[in-house]
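See below for query-v6.pdb, which holds PDB, N, CA, C and O atoms and all ligand atoms.
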```pdb
ATOM      1  N   MET H 238      -2.071 -12.974  -1.934
ATOM      2  CA  MET H 238      -1.142 -11.921  -2.341
ATOM      3  C   MET H 238      -1.891 -10.628  -2.661
ATOM      4  O   MET H 238      -3.004 -10.648  -3.142
ATOM      5  N   ALA H 239      -1.251  -9.546  -2.389
ATOM      6  CA  ALA H 239      -1.835  -8.244  -2.682
ATOM      7  C   ALA H 239      -0.876  -7.488  -3.598
ATOM      8  O   ALA H 239       0.308  -7.788  -3.652
ATOM      9  N   ARG H 240      -1.426  -6.526  -4.307
ATOM     10  CA  ARG H 240      -0.593  -5.762  -5.218
ATOM     11  C   ARG H 240      -0.227  -4.431  -4.590
ATOM     12  O   ARG H 240      -1.098  -3.681  -4.157
ATOM     13  N   ASP H 241       1.043  -4.159  -4.574
ATOM     14  CA  ASP H 241       1.534  -2.866  -4.110
ATOM     15  C   ASP H 241       1.032  -1.813  -5.098
ATOM     16  O   ASP H 241       1.381  -1.848  -6.277
ATOM     17  N   PRO H 242       0.167  -0.890  -4.643
ATOM     18  CA  PRO H 242      -0.424   0.071  -5.579
ATOM     19  C   PRO H 242       0.573   1.100  -6.114
ATOM     20  O   PRO H 242       0.294   1.782  -7.096
ATOM     21  N   VAL H 243       1.715   1.195  -5.492
ATOM     22  CA  VAL H 243       2.685   2.195  -5.944
ATOM     23  C   VAL H 243       3.577   1.649  -7.053
ATOM     24  O   VAL H 243       3.644   2.213  -8.141
ATOM     25  N   CYS H 244       4.220   0.517  -6.817
ATOM     26  CA  CYS H 244       5.165   0.004  -7.810
ATOM     27  C   CYS H 244       4.621  -1.177  -8.593
ATOM     28  O   CYS H 244       5.209  -1.584  -9.592
ATOM     29  N   GLY H 245       3.483  -1.755  -8.147
ATOM     30  CA  GLY H 245       2.879  -2.844  -8.893
ATOM     31  C   GLY H 245       3.380  -4.225  -8.524
ATOM     32  O   GLY H 245       2.940  -5.221  -9.082
ATOM     33  N   MET H 246       4.306  -4.299  -7.596
ATOM     34  CA  MET H 246       4.848  -5.575  -7.156
ATOM     35  C   MET H 246       3.835  -6.366  -6.358
ATOM     36  O   MET H 246       3.002  -5.796  -5.664
ATOM     37  N   MET H 247       3.910  -7.706  -6.423
ATOM     38  CA  MET H 247       3.052  -8.529  -5.593
ATOM     39  C   MET H 247       3.675  -8.623  -4.204
ATOM     40  O   MET H 247       4.879  -8.829  -4.056
ATOM     41  N   VAL H 248       2.812  -8.469  -3.199
ATOM     42  CA  VAL H 248       3.272  -8.444  -1.816
ATOM     43  C   VAL H 248       2.491  -9.478  -1.014
ATOM     44  O   VAL H 248       1.278  -9.599  -1.167
ATOM     45  N   ASP H 249       3.191 -10.237  -0.186
ATOM     46  CA  ASP H 249       2.522 -11.193   0.691
ATOM     47  C   ASP H 249       1.972 -10.442   1.897
ATOM     48  O   ASP H 249       2.723  -9.981   2.748
ATOM     49  N   GLU H 250       0.658 -10.332   1.946
ATOM     50  CA  GLU H 250       0.046  -9.507   3.002
ATOM     51  C   GLU H 250       0.248 -10.099   4.401
ATOM     52  O   GLU H 250       0.073  -9.419   5.391
ATOM     53  N   LYS H 251       0.595 -11.382   4.456
ATOM     54  CA  LYS H 251       0.837 -11.982   5.774
ATOM     55  C   LYS H 251       2.238 -11.696   6.270
ATOM     56  O   LYS H 251       2.529 -11.837   7.442
ATOM     57  N   LYS H 252       3.106 -11.346   5.356
ATOM     58  CA  LYS H 252       4.502 -11.144   5.748
ATOM     59  C   LYS H 252       4.924  -9.683   5.796
ATOM     60  O   LYS H 252       5.795  -9.320   6.584
ATOM     61  N   THR H 253       4.340  -8.869   4.956
ATOM     62  CA  THR H 253       4.818  -7.491   4.910
ATOM     63  C   THR H 253       4.431  -6.731   6.169
ATOM     64  O   THR H 253       3.373  -6.969   6.764
ATOM     65  N   LYS H 254       5.308  -5.866   6.586
ATOM     66  CA  LYS H 254       4.966  -5.025   7.732
ATOM     67  C   LYS H 254       4.580  -3.626   7.259
ATOM     68  O   LYS H 254       4.297  -2.751   8.050
ATOM     69  N   TYR H 255       4.576  -3.449   5.955
ATOM     70  CA  TYR H 255       4.224  -2.139   5.414
ATOM     71  C   TYR H 255       2.767  -2.126   4.987
ATOM     72  O   TYR H 255       2.422  -2.513   3.868
ATOM     73  N   VAL H 256       1.939  -1.748   5.927
ATOM     74  CA  VAL H 256       0.497  -1.747   5.706
ATOM     75  C   VAL H 256      -0.017  -0.341   5.982
ATOM     76  O   VAL H 256       0.477   0.351   6.863
ATOM     77  N   PHE H 257      -0.998   0.054   5.188
ATOM     78  CA  PHE H 257      -1.592   1.363   5.430
ATOM     79  C   PHE H 257      -3.080   1.269   5.164
ATOM     80  O   PHE H 257      -3.506   0.701   4.155
ATOM     81  N   GLU H 258      -3.864   1.780   6.091
ATOM     82  CA  GLU H 258      -5.297   1.723   5.920
ATOM     83  C   GLU H 258      -5.793   3.067   5.432
ATOM     84  O   GLU H 258      -5.446   4.114   5.977
ATOM     85  N   TYR H 259      -6.605   3.016   4.394
ATOM     86  CA  TYR H 259      -7.123   4.243   3.805
ATOM     87  C   TYR H 259      -8.552   4.017   3.361
ATOM     88  O   TYR H 259      -8.827   3.065   2.619
ATOM     89  N   LYS H 260      -9.456   4.835   3.827
ATOM     90  CA  LYS H 260     -10.881   4.695   3.513
ATOM     91  C   LYS H 260     -11.385   3.268   3.724
ATOM     92  O   LYS H 260     -11.990   2.663   2.830
ATOM     93  N   LEU H 261     -11.064   2.718   4.910
ATOM     94  CA  LEU H 261     -11.511   1.387   5.327
ATOM     95  C   LEU H 261     -10.959   0.246   4.477
ATOM     96  O   LEU H 261     -11.425  -0.885   4.558
ATOM     97  N   ARG H 262      -9.963   0.532   3.676
ATOM     98  CA  ARG H 262      -9.328  -0.540   2.911
ATOM     99  C   ARG H 262      -7.879  -0.628   3.335
ATOM    100  O   ARG H 262      -7.251   0.378   3.647
ATOM    101  N   ARG H 263      -7.342  -1.849   3.298
ATOM    102  CA  ARG H 263      -5.945  -2.007   3.664
ATOM    103  C   ARG H 263      -5.119  -2.175   2.405
ATOM    104  O   ARG H 263      -5.472  -2.908   1.498
ATOM    105  N   TYR H 264      -4.013  -1.473   2.400
ATOM    106  CA  TYR H 264      -3.096  -1.553   1.268
ATOM    107  C   TYR H 264      -1.759  -2.065   1.759
ATOM    108  O   TYR H 264      -1.323  -1.728   2.857
ATOM    109  N   TYR H 265      -1.117  -2.877   0.927
ATOM    110  CA  TYR H 265       0.136  -3.517   1.313
ATOM    111  C   TYR H 265       1.254  -3.077   0.374
ATOM    112  O   TYR H 265       1.044  -2.938  -0.825
ATOM    113  N   PHE H 266       2.410  -2.903   0.983
ATOM    114  CA  PHE H 266       3.532  -2.362   0.217
ATOM    115  C   PHE H 266       4.789  -3.196   0.376
ATOM    116  O   PHE H 266       4.977  -3.886   1.373
ATOM    117  N   CYS H 267       5.670  -3.091  -0.614
ATOM    118  CA  CYS H 267       6.916  -3.859  -0.576
ATOM    119  C   CYS H 267       7.948  -3.180   0.307
ATOM    120  O   CYS H 267       8.876  -3.822   0.778
ATOM    121  N   SER H 268       7.809  -1.892   0.504
ATOM    122  CA  SER H 268       8.834  -1.174   1.260
ATOM    123  C   SER H 268       8.245   0.065   1.922
ATOM    124  O   SER H 268       7.138   0.509   1.570
ATOM    125  N   GLU H 269       9.013   0.605   2.835
ATOM    126  CA  GLU H 269       8.586   1.818   3.504
ATOM    127  C   GLU H 269       8.483   2.972   2.510
ATOM    128  O   GLU H 269       7.621   3.836   2.623
ATOM    129  N   ALA H 270       9.375   2.974   1.542
ATOM    130  CA  ALA H 270       9.377   4.047   0.542
ATOM    131  C   ALA H 270       8.051   4.083  -0.214
ATOM    132  O   ALA H 270       7.468   5.152  -0.407
ATOM    133  N   CYS H 271       7.572   2.896  -0.622
ATOM    134  CA  CYS H 271       6.299   2.838  -1.348
ATOM    135  C   CYS H 271       5.152   3.265  -0.440
ATOM    136  O   CYS H 271       4.253   3.973  -0.863
ATOM    137  N   ARG H 272       5.201   2.820   0.797
ATOM    138  CA  ARG H 272       4.128   3.203   1.704
ATOM    139  C   ARG H 272       4.097   4.719   1.918
ATOM    140  O   ARG H 272       3.033   5.333   1.946
ATOM    141  N   ASP H 273       5.256   5.296   2.068
ATOM    142  CA  ASP H 273       5.313   6.743   2.273
ATOM    143  C   ASP H 273       4.801   7.514   1.061
ATOM    144  O   ASP H 273       4.120   8.529   1.194
ATOM    145  N   LEU H 274       5.125   7.013  -0.123
ATOM    146  CA  LEU H 274       4.628   7.659  -1.340
ATOM    147  C   LEU H 274       3.104   7.611  -1.374
ATOM    148  O   LEU H 274       2.436   8.592  -1.703
ATOM    149  N   PHE H 275       2.563   6.439  -1.033
ATOM    150  CA  PHE H 275       1.114   6.276  -1.027
ATOM    151  C   PHE H 275       0.467   7.209  -0.003
ATOM    152  O   PHE H 275      -0.514   7.882  -0.304
ATOM    153  N   LYS H 276       1.052   7.234   1.186
ATOM    154  CA  LYS H 276       0.545   8.084   2.263
ATOM    155  C   LYS H 276       0.471   9.544   1.856
ATOM    156  O   LYS H 276      -0.448  10.264   2.235
ATOM    157  N   SER H 277       1.460   9.989   1.122
ATOM    158  CA  SER H 277       1.513  11.401   0.774
ATOM    159  C   SER H 277       0.477  11.773  -0.278
ATOM    160  O   SER H 277       0.109  12.936  -0.395
ATOM    161  N   ASN H 278      -0.002  10.783  -1.047
ATOM    162  CA  ASN H 278      -0.998  11.085  -2.070
ATOM    163  C   ASN H 278      -1.777   9.828  -2.482
ATOM    164  O   ASN H 278      -1.633   9.348  -3.608
ATOM    165  N   PRO H 279      -2.604   9.285  -1.577
ATOM    166  CA  PRO H 279      -3.304   8.019  -1.844
ATOM    167  C   PRO H 279      -4.138   8.037  -3.121
ATOM    168  O   PRO H 279      -4.137   7.066  -3.880
ATOM    169  N   GLU H 280      -4.818   9.130  -3.369
ATOM    170  CA  GLU H 280      -5.735   9.181  -4.518
ATOM    171  C   GLU H 280      -5.021   8.953  -5.851
ATOM    172  O   GLU H 280      -5.594   8.436  -6.800
ATOM    173  N   LYS H 281      -3.774   9.323  -5.878
ATOM    174  CA  LYS H 281      -2.990   9.155  -7.114
ATOM    175  C   LYS H 281      -2.810   7.675  -7.459
ATOM    176  O   LYS H 281      -2.704   7.308  -8.619
ATOM    177  N   TYR H 282      -2.771   6.825  -6.411
ATOM    178  CA  TYR H 282      -2.422   5.415  -6.625
ATOM    179  C   TYR H 282      -3.606   4.468  -6.649
ATOM    180  O   TYR H 282      -3.446   3.320  -7.021
ATOM    181  N   ILE H 283      -4.774   4.911  -6.226
ATOM    182  CA  ILE H 283      -5.894   3.967  -6.185
ATOM    183  C   ILE H 283      -6.821   4.116  -7.378
ATOM    184  O   ILE H 283      -7.833   3.465  -7.447
ATOM    185  N   LYS H 284      -6.465   4.920  -8.299
ATOM    186  CA  LYS H 284      -7.271   5.067  -9.504
ATOM    187  C   LYS H 284      -7.194   3.804 -10.360
ATOM    188  O   LYS H 284      -6.153   3.221 -10.504
TER     189      LYS H 284
HETATM  190 ZN    ZN X   1       6.540  -1.122  -3.865
END
```

Translate the structure described by the file into structure tokens.
Amino acid sequence: MARDPVCGMMVDEKKTKYVFEYKLRRYYFCSEACRDLFKSNPEKYIK
């Protein structure tokens, strides 16, 4: 399981289709909305 960096929800990385790669790391999200938020400002969420 991976943690959605935007909302904090646990996400099954094998099932979610909301994946985004940033600085050679993969991040998993519960929804497109969370992924889009992360995309618009990744640094805010990886602290
Ligand atoms: Zn989320």

Legend entry - Expected selection from the PyMOL selection byres (((chain H and resi 249) around 8) and not hetatm), given as a PyMOL selection string: chain H and resi 238-241+246-248+250-255+265-267

Inset, instruction - Point out the residue among H:Cys271, H:Tyr259, H:Lys284, H:Pro279 with the least atom-to-atom distance to ligand ZN 1 (chain X), counting only C-alpha atoms and all ligand atoms. - result: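 For ligand ZN 1 (chain X), the nearest of the given residues is H:Cys271.
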
Inset, instruction - Per DSSP on the backbone, filter chain H down to the residues in strand (DSSP E or B) and report them as a list in words. - result: Ala239, Arg240, Met247, Val248, Val256, Phe257, Glu258, Tyr259, Arg262, Arg263, Tyr264 and Tyr265 of chain H

Per-axis box centre and lengths in Å around region 261-269 of chain H, 6 Å margin per side, axis-aligned, as JSON:
```
{"center_x": -1.2, "center_y": 0.0, "center_z": 2.3, "size_x": 32.5, "size_y": 19.7, "size_z": 18.2}
```

Inset, instruction - Could you please write out, as a list in words, every residue of chain H that DSSP assigns to alpha helix (DSSP H)? - result: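 For chain H, the alpha helix (DSSP H) set is Glu269, Ala270, Cys271, Arg272, Asp273, Leu274, Phe275, Lys276, Ser277, Pro279, Glu280, Lys281 and Tyr282 of chain H.
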
Legend entry - Interatomic distance (Å, one decimal) between CA of Asp273 (chain H) and CA of Val243 (chain H):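 If I compute the distance from CA of Asp273 (chain H) to CA of Val243 (chain H), I get 9.8 Å.
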
Inset, instruction - Take the point (-1.6, 5.0, -0.9) as written in the file and pick out every residue within 7 Å of it, counting only N, CA, C and O atoms; give the list as a ChimeraX atom specification. - result: /H:242-243,257,271-272,274-283
